[in-house]
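Engineer: One file: input24.csv (CSV, C-alpha atoms and all ligand atoms).
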```
chain,number,residue,atom,x,y,z
A,1,MET,CA,108.6,181.8,235.3
A,2,LYS,CA,110.5,183.5,238.1
A,3,ILE,CA,114.2,183.7,237.2
A,4,GLY,CA,117.2,185.1,239.0
A,5,ILE,CA,119.9,186.4,236.7
A,6,THR,CA,123.5,187.1,237.7
A,7,CYS,CA,126.1,188.6,235.6
A,8,TYR,CA,129.0,191.1,235.7
A,9,PRO,CA,127.2,194.4,235.6
A,10,THR,CA,130.0,196.4,234.2
A,11,TYR,CA,131.0,196.9,230.5
A,12,GLY,CA,131.4,193.5,228.9
A,13,GLY,CA,129.7,191.2,226.5
A,14,SER,CA,128.4,188.7,229.0
A,15,GLY,CA,126.7,191.4,231.1
A,16,VAL,CA,125.2,192.9,228.0
A,17,VAL,CA,123.8,189.5,226.9
A,18,ALA,CA,122.5,188.7,230.4
A,19,THR,CA,120.8,192.1,230.7
A,20,GLU,CA,119.2,192.0,227.2
A,21,LEU,CA,118.0,188.5,227.9
A,22,GLY,CA,116.4,189.6,231.2
A,23,ILE,CA,114.7,192.6,229.4
A,24,GLU,CA,113.4,190.4,226.6
A,25,LEU,CA,112.1,187.7,229.1
A,26,ALA,CA,110.4,190.4,231.1
A,27,ALA,CA,108.7,191.7,228.0
A,28,ARG,CA,107.3,188.2,227.5
A,29,GLY,CA,105.8,188.2,231.0
A,30,HIS,CA,108.5,186.4,233.1
A,31,ASP,CA,109.6,187.9,236.5
A,32,ILE,CA,113.3,188.7,236.3
A,33,HIS,CA,115.4,189.3,239.4
A,34,PHE,CA,118.9,190.6,238.7
A,35,ILE,CA,121.3,189.8,241.5
A,36,SER,CA,124.7,191.5,241.3
A,37,TYR,CA,126.9,194.0,243.0
A,38,ALA,CA,125.8,196.9,240.8
A,39,MET,CA,122.9,197.7,238.4
A,40,PRO,CA,123.8,196.1,235.0
A,41,ILE,CA,124.8,198.8,232.5
A,42,ARG,CA,122.0,198.4,230.0
A,43,LEU,CA,119.3,198.1,232.6
A,44,ASP,CA,118.1,201.6,232.3
A,45,GLY,CA,114.4,201.2,231.3
A,46,ALA,CA,112.1,200.3,234.2
A,47,SER,CA,109.8,197.3,233.7
A,48,GLU,CA,107.1,196.0,236.0
A,49,HIS,CA,108.6,192.5,235.7
A,50,ILE,CA,112.2,193.5,236.5
A,51,TRP,CA,113.9,193.8,240.0
A,52,PHE,CA,117.4,194.5,240.9
A,53,HIS,CA,118.9,193.1,244.1
A,54,GLU,CA,122.3,194.5,245.1
A,55,VAL,CA,124.9,192.2,246.7
A,56,GLU,CA,126.6,194.1,249.4
A,57,VAL,CA,130.1,192.8,250.3
A,58,THR,CA,131.0,193.6,253.9
A,59,THR,CA,134.7,194.4,254.4
A,60,TYR,CA,136.5,193.5,257.6
A,61,PRO,CA,140.2,194.2,258.4
A,62,LEU,CA,140.9,190.4,258.2
A,63,PHE,CA,139.5,190.2,254.7
A,64,ASP,CA,142.2,191.3,252.3
A,65,HIS,CA,139.8,190.1,249.6
A,66,PRO,CA,136.2,190.5,250.6
A,67,PRO,CA,134.4,187.2,249.8
A,68,TYR,CA,132.0,188.3,247.1
A,69,THR,CA,131.3,184.7,246.0
A,70,LEU,CA,129.8,184.0,249.5
A,71,ALA,CA,127.9,187.2,249.7
A,72,LEU,CA,126.4,186.5,246.2
A,73,ALA,CA,125.5,182.9,247.2
A,74,THR,CA,123.7,184.3,250.3
A,75,LYS,CA,121.8,186.9,248.3
A,76,MET,CA,120.8,184.4,245.6
A,77,PHE,CA,119.4,182.1,248.3
A,78,GLU,CA,117.5,185.0,250.0
A,79,VAL,CA,116.1,186.3,246.8
A,80,ALA,CA,115.1,182.8,245.7
A,81,GLU,CA,113.3,182.2,249.0
A,82,GLU,CA,111.5,185.6,249.2
A,83,ASN,CA,110.4,185.5,245.6
A,84,SER,CA,109.9,181.8,245.1
A,85,LEU,CA,112.3,181.7,242.1
A,86,ASP,CA,112.0,178.8,239.8
A,87,LEU,CA,115.7,178.9,238.8
A,88,LEU,CA,118.9,180.8,238.7
A,89,HIS,CA,120.6,181.7,235.5
A,90,VAL,CA,124.2,182.8,235.8
A,91,HIS,CA,126.3,184.3,233.1
A,92,TYR,CA,130.1,183.8,233.1
A,93,ALA,CA,131.2,180.7,235.1
A,94,ILE,CA,133.6,182.3,237.5
A,95,PRO,CA,132.6,182.8,240.3
A,96,HIS,CA,128.8,182.9,239.6
A,97,SER,CA,128.2,179.2,239.0
A,98,VAL,CA,130.0,178.4,242.3
A,99,SER,CA,127.8,180.9,244.2
A,100,ALA,CA,124.7,179.4,242.5
A,101,LEU,CA,125.8,175.9,243.5
A,102,LEU,CA,126.0,177.1,247.1
A,103,ALA,CA,122.6,178.8,246.9
A,104,ARG,CA,121.1,175.5,245.5
A,105,MET,CA,122.6,173.6,248.4
A,106,MET,CA,121.3,176.1,251.0
A,107,ALA,CA,117.8,176.0,249.4
A,108,SER,CA,117.6,172.2,249.7
A,109,PRO,CA,115.2,170.3,250.0
A,110,ARG,CA,113.5,172.9,247.9
A,111,ARG,CA,114.8,172.5,244.4
A,112,LEU,CA,116.5,175.6,243.0
A,113,PRO,CA,118.2,174.5,239.7
A,114,PHE,CA,120.8,176.7,238.1
A,115,ILE,CA,121.9,177.2,234.6
A,116,THR,CA,125.4,178.4,233.7
A,117,THR,CA,126.0,180.3,230.4
A,118,LEU,CA,129.6,180.3,229.2
A,119,HIS,CA,130.7,183.4,227.4
A,120,GLY,CA,134.3,183.1,226.5
A,121,THR,CA,137.1,184.4,228.6
A,122,ASP,CA,135.6,182.4,231.6
A,123,ILE,CA,136.8,179.4,229.5
A,124,THR,CA,139.5,180.6,227.2
A,125,LEU,CA,141.5,182.7,229.5
A,126,VAL,CA,140.4,182.6,233.1
A,127,GLY,CA,139.0,179.1,233.3
A,128,ASN,CA,142.1,177.7,231.7
A,129,ASP,CA,144.3,179.2,234.3
A,130,ARG,CA,145.4,176.2,236.5
A,131,SER,CA,144.2,177.9,239.6
A,132,TYR,CA,140.7,178.3,238.3
A,133,LEU,CA,140.3,175.2,236.1
A,134,PRO,CA,139.3,172.6,238.6
A,135,ILE,CA,136.6,174.8,240.3
A,136,THR,CA,135.3,176.0,236.9
A,137,ARG,CA,135.1,172.4,235.6
A,138,PHE,CA,133.4,171.3,238.9
A,139,SER,CA,130.8,174.1,238.8
A,140,ILE,CA,130.0,173.4,235.1
A,141,GLU,CA,129.5,169.7,235.9
A,142,GLN,CA,127.3,170.5,238.8
A,143,SER,CA,125.1,172.9,236.9
A,144,ASP,CA,121.6,171.7,236.1
A,145,GLY,CA,122.0,173.2,232.6
A,146,VAL,CA,124.9,174.6,230.7
A,147,THR,CA,124.8,176.8,227.6
A,148,ALA,CA,127.5,178.2,225.4
A,149,ILE,CA,127.1,181.2,223.1
A,150,SER,CA,128.8,179.5,220.0
A,151,ASN,CA,129.6,176.1,218.7
A,152,TYR,CA,133.3,177.1,218.9
A,153,LEU,CA,133.0,177.7,222.7
A,154,ARG,CA,131.0,174.5,223.3
A,155,ASP,CA,133.6,172.4,221.5
A,156,ARG,CA,136.5,174.1,223.2
A,157,THR,CA,134.9,173.7,226.6
A,158,LEU,CA,134.2,170.0,226.1
A,159,ARG,CA,137.7,169.4,224.7
A,160,GLU,CA,139.9,171.4,227.1
A,161,PHE,CA,137.9,170.8,230.3
A,162,GLU,CA,137.3,167.2,229.4
A,163,ILE,CA,133.6,167.7,230.2
A,164,LYS,CA,131.3,164.8,229.5
A,165,ARG,CA,127.9,166.4,230.1
A,166,PRO,CA,126.0,168.0,227.2
A,167,ILE,CA,126.3,171.7,226.6
A,168,GLU,CA,123.5,173.4,224.7
A,169,VAL,CA,124.5,176.1,222.2
A,170,ILE,CA,122.2,179.1,222.3
A,171,PRO,CA,123.9,181.9,220.4
A,172,ASN,CA,123.9,185.5,221.3
A,173,PHE,CA,121.1,187.6,219.8
A,174,VAL,CA,120.2,191.1,218.9
A,175,ASN,CA,116.8,192.9,218.9
A,176,CYS,CA,116.4,193.4,215.2
A,177,ASP,CA,113.6,196.0,215.7
A,178,LEU,CA,115.9,198.2,217.8
A,179,TYR,CA,119.2,197.7,216.0
A,180,MET,CA,118.7,199.2,212.6
A,181,ARG,CA,120.3,201.5,210.1
A,182,SER,CA,120.0,205.2,211.0
A,183,ASN,CA,119.3,207.9,208.5
A,184,ASP,CA,120.2,210.7,211.0
A,185,ALA,CA,122.2,212.9,208.7
A,186,GLU,CA,122.6,215.6,211.3
A,187,ASN,CA,124.4,213.3,213.8
A,188,ARG,CA,126.4,211.7,211.1
A,189,ALA,CA,127.6,215.2,210.0
A,190,LYS,CA,128.8,215.9,213.6
A,191,TRP,CA,131.4,213.2,213.1
A,192,ALA,CA,132.0,213.4,209.4
A,193,PRO,CA,131.2,216.9,208.3
A,194,ASN,CA,132.5,216.4,204.8
A,195,GLY,CA,130.7,213.1,204.2
A,196,GLU,CA,133.7,211.0,205.0
A,197,PRO,CA,133.1,207.3,205.6
A,198,ILE,CA,132.8,206.4,209.3
A,199,LEU,CA,134.7,203.4,210.7
A,200,MET,CA,133.7,202.2,214.2
A,201,HIS,CA,134.8,200.0,217.0
A,202,LEU,CA,133.0,199.1,220.2
A,203,SER,CA,134.5,197.0,223.1
A,204,ASN,CA,135.8,197.1,226.6
A,205,PHE,CA,139.3,198.0,225.3
A,206,ARG,CA,140.9,195.0,227.0
A,207,PRO,CA,144.2,193.7,225.5
A,208,VAL,CA,142.4,190.8,223.8
A,209,LYS,CA,140.5,193.4,221.7
A,210,ARG,CA,143.8,194.7,220.1
A,211,ILE,CA,142.5,198.3,219.9
A,212,THR,CA,145.9,199.6,218.9
A,213,ASP,CA,145.4,197.4,215.8
A,214,VAL,CA,142.1,199.3,215.2
A,215,ILE,CA,144.1,202.5,215.0
A,216,GLU,CA,146.8,200.9,212.8
A,217,ILE,CA,144.2,199.6,210.4
A,218,PHE,CA,142.5,203.0,210.3
A,219,ALA,CA,145.8,204.8,209.7
A,220,LEU,CA,146.4,202.6,206.6
A,221,VAL,CA,142.9,203.4,205.3
A,222,HIS,CA,143.4,207.1,206.1
A,223,GLU,CA,146.5,207.2,204.0
A,224,LYS,CA,144.4,206.4,200.9
A,225,ILE,CA,141.0,208.1,201.6
A,226,PRO,CA,139.7,210.7,204.0
A,227,ALA,CA,137.8,208.9,206.8
A,228,LYS,CA,136.8,209.1,210.4
A,229,LEU,CA,137.1,206.5,213.2
A,230,VAL,CA,134.7,206.4,216.2
A,231,MET,CA,135.9,204.4,219.2
A,232,ILE,CA,133.1,203.4,221.6
A,233,GLY,CA,133.9,202.1,225.0
A,234,ASP,CA,136.7,202.3,227.6
A,235,GLY,CA,139.1,200.1,229.3
A,236,PRO,CA,142.8,199.4,230.1
A,237,ASP,CA,144.2,199.9,226.6
A,238,ARG,CA,142.6,203.3,225.9
A,239,GLY,CA,145.7,205.2,226.9
A,240,ALA,CA,147.9,203.1,224.5
A,241,ALA,CA,145.5,203.6,221.6
A,242,GLU,CA,145.3,207.4,222.2
A,243,TYR,CA,149.1,207.5,222.2
A,244,VAL,CA,149.2,205.8,218.8
A,245,VAL,CA,146.6,208.2,217.5
A,246,ARG,CA,148.7,211.2,218.6
A,247,ARG,CA,151.9,209.6,217.2
A,248,LYS,CA,150.3,209.1,213.8
A,249,ARG,CA,148.8,212.7,213.9
A,250,LEU,CA,145.3,211.4,213.6
A,251,SER,CA,143.7,213.2,216.5
A,252,GLN,CA,141.5,215.2,214.2
A,253,ASP,CA,140.0,212.1,212.7
A,254,VAL,CA,139.7,209.6,215.6
A,255,LEU,CA,137.1,210.2,218.2
A,256,PHE,CA,137.0,208.4,221.5
A,257,ILE,CA,133.4,208.8,222.8
A,258,GLY,CA,133.7,206.6,225.8
A,259,LYS,CA,131.0,204.2,227.2
A,260,GLN,CA,127.6,204.7,225.7
A,261,GLN,CA,124.1,203.7,226.4
A,262,HIS,CA,121.9,202.9,223.4
A,263,VAL,CA,124.8,201.9,221.2
A,264,GLN,CA,122.4,201.1,218.3
A,265,GLU,CA,122.0,204.9,217.7
A,266,LYS,CA,125.8,205.1,217.1
A,267,LEU,CA,126.3,201.8,215.2
A,268,GLY,CA,123.6,202.6,212.8
A,269,LEU,CA,125.6,205.6,211.5
A,270,ALA,CA,128.8,203.6,210.7
A,271,ASP,CA,130.0,202.4,207.3
A,272,LEU,CA,132.3,199.7,208.6
A,273,PHE,CA,132.9,197.9,211.9
A,274,LEU,CA,136.4,196.8,212.9
A,275,LEU,CA,137.0,193.9,215.4
A,276,PRO,CA,140.6,192.8,215.3
A,277,SER,CA,140.5,190.7,218.5
A,278,ASP,CA,143.1,188.0,219.3
A,279,GLU,CA,140.3,185.9,220.7
A,280,GLU,CA,136.5,186.2,220.4
A,281,SER,CA,134.1,183.4,221.3
A,282,PHE,CA,131.2,185.1,219.6
A,283,GLY,CA,131.7,188.8,218.9
A,284,LEU,CA,128.4,190.4,220.0
A,285,ALA,CA,129.5,193.9,218.9
A,286,ALA,CA,130.0,192.6,215.4
A,287,LEU,CA,126.5,191.1,215.4
A,288,GLU,CA,125.0,194.4,216.7
A,289,ALA,CA,126.8,196.3,213.9
A,290,MET,CA,125.5,193.8,211.3
A,291,ALA,CA,121.9,194.2,212.4
A,292,CYS,CA,122.5,198.0,211.7
A,293,GLU,CA,123.5,197.1,208.1
A,294,VAL,CA,127.2,197.7,208.8
A,295,PRO,CA,129.7,195.3,207.2
A,296,VAL,CA,132.4,193.9,209.5
A,297,VAL,CA,136.1,193.4,209.1
A,298,ALA,CA,137.1,191.0,211.9
A,299,THR,CA,139.7,188.4,212.7
A,300,ASN,CA,139.0,184.8,211.8
A,301,VAL,CA,139.2,183.6,215.4
A,302,GLY,CA,136.9,181.6,217.8
A,303,GLY,CA,133.2,182.0,217.0
A,304,LEU,CA,133.6,185.0,214.7
A,305,PRO,CA,133.4,182.9,211.5
A,306,GLU,CA,130.0,181.7,212.8
A,307,VAL,CA,128.8,185.3,212.8
A,308,VAL,CA,130.6,186.9,209.9
A,309,THR,CA,130.6,185.3,206.4
A,310,HIS,CA,133.9,186.1,204.6
A,311,GLY,CA,133.2,188.0,201.4
A,312,VAL,CA,129.5,188.1,201.9
A,313,ASP,CA,128.7,190.4,204.9
A,314,GLY,CA,132.3,191.3,205.8
A,315,TYR,CA,135.8,190.0,205.7
A,316,LEU,CA,137.9,187.9,208.0
A,317,PHE,CA,141.7,188.2,208.4
A,318,GLN,CA,144.4,186.6,210.5
A,319,PRO,CA,145.0,188.3,213.9
A,320,ARG,CA,147.5,191.2,213.8
A,321,ASP,CA,147.6,191.2,210.0
A,322,VAL,CA,146.6,194.9,209.9
A,323,ALA,CA,147.7,195.3,206.2
A,324,SER,CA,145.1,192.7,205.0
A,325,ALA,CA,142.4,194.3,207.3
A,326,ALA,CA,143.1,197.7,205.8
A,327,LYS,CA,142.9,196.3,202.2
A,328,TYR,CA,139.5,194.7,203.0
A,329,ALA,CA,138.3,197.9,204.6
A,330,LEU,CA,139.3,199.9,201.5
A,331,ASP,CA,137.5,197.4,199.3
A,332,ILE,CA,134.3,197.9,201.3
A,333,LEU,CA,134.7,201.7,201.4
A,334,THR,CA,135.8,202.4,197.8
A,335,LEU,CA,134.4,199.7,195.5
A,336,PRO,CA,131.1,200.9,194.0
A,337,ASP,CA,128.1,199.5,196.0
A,338,ARG,CA,130.3,197.0,197.8
A,339,GLY,CA,129.7,198.5,201.3
A,340,ARG,CA,126.0,199.0,200.7
A,341,MET,CA,125.5,195.4,199.4
A,342,MET,CA,127.6,193.8,202.2
A,343,GLY,CA,125.7,195.9,204.8
A,344,GLN,CA,122.4,194.7,203.5
A,345,MET,CA,123.6,191.1,203.6
A,346,ALA,CA,124.9,191.7,207.1
A,347,ARG,CA,121.4,192.6,208.3
A,348,THR,CA,119.8,189.8,206.3
A,349,ASN,CA,122.1,187.2,207.9
A,350,ALA,CA,121.8,188.7,211.4
A,351,ARG,CA,118.0,188.6,211.1
A,352,ALA,CA,118.0,185.1,209.7
A,353,ARG,CA,120.1,183.6,212.5
A,354,TYR,CA,120.3,185.8,215.6
A,355,CYS,CA,117.1,187.9,216.1
A,356,SER,CA,116.0,187.9,219.7
A,357,LYS,CA,112.5,186.9,218.7
A,358,ASP,CA,113.9,183.6,217.6
A,359,ILE,CA,116.6,183.1,220.2
A,360,ILE,CA,114.7,184.0,223.4
A,361,PRO,CA,112.1,181.1,222.9
A,362,ARG,CA,115.1,178.8,222.8
A,363,TYR,CA,116.1,179.9,226.3
A,364,GLU,CA,112.5,179.5,227.5
A,365,ALA,CA,112.4,175.9,226.1
A,366,TYR,CA,115.7,175.2,227.8
A,367,TYR,CA,114.5,176.5,231.1
A,368,GLU,CA,111.5,174.2,230.8
A,369,GLN,CA,113.7,171.3,230.0
A,370,VAL,CA,116.0,171.9,233.0
A,371,LEU,CA,113.0,172.4,235.3
A,372,ASN,CA,111.5,169.2,234.2
A,373,SER,CA,114.6,167.1,234.6
A,374,ALA,CA,115.5,168.8,238.0
A,375,GLY,CA,111.9,168.0,239.1
A,376,SER,CA,112.3,164.3,238.1
A,377,SER,CA,115.6,164.0,239.8
A,378,ALA,CA,114.2,165.6,243.0
A,379,ARG,CA,111.3,163.1,242.8
A,380,ALA,CA,113.7,160.2,242.2
A,381,ALA,CA,115.8,161.1,245.2
A,382,LYS,CA,112.7,160.9,247.5
A,401,LIG,O1,135.7,190.2,226.0
A,401,LIG,C1,134.7,190.7,226.4
A,401,LIG,O2,134.0,191.5,225.8
A,401,LIG,C2,134.1,190.2,227.7
A,401,LIG,C3,133.5,188.9,227.6
A,401,LIG,C4,132.5,188.8,228.7
A,401,LIG,O3,132.2,187.7,229.0
A,401,LIG,O4,132.0,189.8,229.2
A,401,LIG,O5,132.9,188.7,226.3
A,401,LIG,C5,132.7,187.4,225.9
A,401,LIG,O6,131.3,187.3,225.8
A,401,LIG,C6,130.6,188.0,224.8
A,401,LIG,C7,129.1,187.8,225.0
A,401,LIG,O7,128.7,186.5,224.9
A,401,LIG,C8,131.1,187.5,223.5
A,401,LIG,O8,130.4,188.2,222.4
A,401,LIG,C9,132.6,187.8,223.3
A,401,LIG,O9,133.0,187.2,222.1
A,401,LIG,C10,133.3,187.1,224.5
A,401,LIG,N1,134.7,187.6,224.5
A,401,LIG,C11,135.8,186.8,224.2
A,401,LIG,O10,135.6,185.7,223.9
A,401,LIG,C12,137.1,187.5,224.2
```
What would the structure in this file look like if it were written as structure tokens?

Structural biologist:
Amino acid sequence: MKIGITCYPTYGGSGVVATELGIELAARGHDIHFISYAMPIRLDGASEHIWFHEVEVTTYPLFDHPPYTLALATKMFEVAEENSLDLLHVHYAIPHSVSALLARMMASPRRLPFITTLHGTDITLVGNDRSYLPITRFSIEQSDGVTAISNYLRDRTLREFEIKRPIEVIPNFVNCDLYMRSNDAENRAKWAPNGEPILMHLSNFRPVKRITDVIEIFALVHEKIPAKLVMIGDGPDRGAAEYVVRRKRLSQDVLFIGKQQHVQEKLGLADLFLLPSDEESFGLAALEAMACEVPVVATNVGGLPEVVTHGVDGYLFQPRDVASAAKYALDILTLPDRGRMMGQMARTNARARYCSKDIIPRYEAYYEQVLNSAGSSARAAK
């Protein structure tokens, strides 16, 4: 198949999923055309089946806000025409599904179906804003196919947007051959020279991630045992978190290492992953940690209970209850064999439910289904 993929290319779960999906599909022989304003962050390895098409947004004194949605729609249409794309697959509804809708209309009478994958904040935060809700609902209803990355997100979208059409759940995935435990003692020693346990967090440091809670949880753990915390990522709350670290005199033991490529090499060194988000429709970073045999302590919100099984491969706690989170973290780090066994269960469960080799064929089957039904509706319209 020839597929156009659009996503936010910057640091964020939806862009990561879209990029990994494109890479996996390309490895299976499909032609993948990424269409966005910048090269997606994880798209570093060249592949003969992958192309990147940059959307240039022309500024003009009249445009206080350059119309990206229109520039994207134009680019989608052009790329589809030049490369005979079979379909467009957009990640994150706003504004990508609106652009895809315009591109489909421009391509008519040629059929150019589009699929929208809902990721989370496009529904839970942004899409629910009154100013975006009607257009988000419209573009979801107009999509030829819609997928959500968890049961939670599908149910919430159907309920809150009063959407009648079916939404297919295709969960996020991880490449289980790439995301594995690391035995790199040398790199571990760089962070934890005296064999301290390593706690880790990875996100875009947005307020919803509660990264100051990560520091608070770590501080409570650190009161009881020597430990290190590695913070991967960057974003608006980094300054606030660094301030808490300084105030608690933890600068020696908390490392902010910024945005990273190949996060599996870092995750595979951790003993525990913390994800204290207020809202999380899936929690891709938790899954990536689990595949690396890292138990997870996360909030019991959104889709996280679909990913982490409380008491088996990690623990779930109420948002902002940092004391409970610290207690669970200490259980994992201090009870004999607890961390190792939970880590092994984490990988077992990640492999059983979310390996890319099992999830990617579900996308392929869904593409076929959408192409078939778009074909029959085009024929019926003639
Ligand atoms: O919050 C983020 O990390 C950004 C956001 C996005 O769309 O880029 O992430 C959402 O999509 C991820 C990939 O599907 C999910 O793993 C995250 O749970 C989801 N974030 C939220 O729901 C807050």

Engineer: Scan for residues within 9 Å of the point (129.2, 190.2, 221.0) in the coordinates of the file, using only C-alpha atoms, and reply as a count of residues only.

Structural biologist: 17

Engineer: Taking the point (139.9, 173.6, 236.1) as given in the file, collect each protein or nucleic acid residue that comes within 12 Å of it, counting only C-alpha atoms, and present the set as a PyMOL selection string.

Structural biologist: chain A and resi 93-94+122-141+157+160-163

Engineer: So which one's closest to Ile170 (chain A), A:Glu368, A:Asp144, A:Glu20, A:Asp358? Using all atoms listed in the file, please.

Structural biologist: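 Looking at the shortest contact to Ile170 (chain A), the residue is A:Asp358.
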
Engineer: Ranking A:Arg156, A:Lys228, A:Lys266, A:Arg347 by minimum distance to Val312 (chain A) and counting all atoms listed in the file, which one comes first?

Structural biologist: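 Looking only at the distances to Val312 (chain A), the closest residue turns out to be A:Arg347.
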
Engineer: How many Å lie between CA of Lys190 (chain A) and CA of Arg42 (chain A), rounded to one decimal?

Structural biologist: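 Rounded to one decimal, the two atoms are 24.9 Å apart.
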
Engineer: Please indicate the distance in Å from CA of Ala326 (chain A) to CA of Leu267 (chain A), rounded to one decimal place.

Structural biologist: 19.7 Å

Engineer: Can you pull out every residue within 10 Å of Pro197 (chain A), counting all atoms listed in the file, but drop anything in the same chain fewer than 4 positions away, and send it as an NGL selection string?

Structural biologist: :A and (188 or 191-192 or 225-229 or 269-272 or 333-334)

Engineer: Which residues, written as a count of residues only, have at least one atom at most 12 Å from Tyr363 (chain A), with only C-alpha atoms counted and residues fewer than 6 positions away on the same chain left out?

Structural biologist: 26

Engineer: How far is it from CA of Ser277 (chain A) to CA of Glu265 (chain A), in Å with one decimal?

Structural biologist: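 For CA of Ser277 (chain A) relative to CA of Glu265 (chain A), the distance reads 23.3 Å.
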
Engineer: Residues near Ala350 (chain A), anyone? I mean within 10 Å using only C-alpha atoms, not counting same-chain ones fewer than 3 positions away, as a ChimeraX atom specification.

Structural biologist: /A:173-176,286-293,307-308,313,344-347,353-355

Engineer: Using all atoms listed in the file, which residue out of A:Phe218, A:Phe77, A:Phe317, A:Phe205 lies closest to ligand LIG 401 (chain A)?

Structural biologist: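 With all atoms listed in the file as the atom set, the closest residue is A:Phe205.
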
Engineer: Can you work out which one of A:Thr74, A:Ser99, A:Thr19, A:Ser373 has the shortest atom-to-atom distance to ligand LIG 401 (chain A), counting all atoms listed in the file?

Structural biologist: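 Nearest to ligand LIG 401 (chain A): A:Thr19.
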
Engineer: Point out the residue among A:Ala365, A:Ala73, A:Ala241, A:Ile41 with the least atom-to-atom distance to ligand LIG 401 (chain A), counting only C-alpha atoms and all ligand atoms.

Structural biologist: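 The shortest atom-to-atom distance to ligand LIG 401 (chain A) comes from A:Ile41.
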
Engineer: So that I can see what lies close to Ala298 (chain A), please list as a PDB file with C-alpha atoms, in the coordinates of the input the residues with an atom at most 6 Å from it, counting all atoms listed in the file and leaving out residues fewer than 6 positions away in the same chain.

Structural biologist:
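Done, and the output landed in part_27.pdb:
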```
ATOM      1  CA  LEU A 274     136.400 196.800 212.900  1.00  0.00           C
ATOM      2  CA  LEU A 275     137.000 193.900 215.400  1.00  0.00           C
ATOM      3  CA  PRO A 276     140.600 192.800 215.300  1.00  0.00           C
ATOM      4  CA  LEU A 316     137.900 187.900 208.000  1.00  0.00           C
TER       5      LEU A 316
END
```
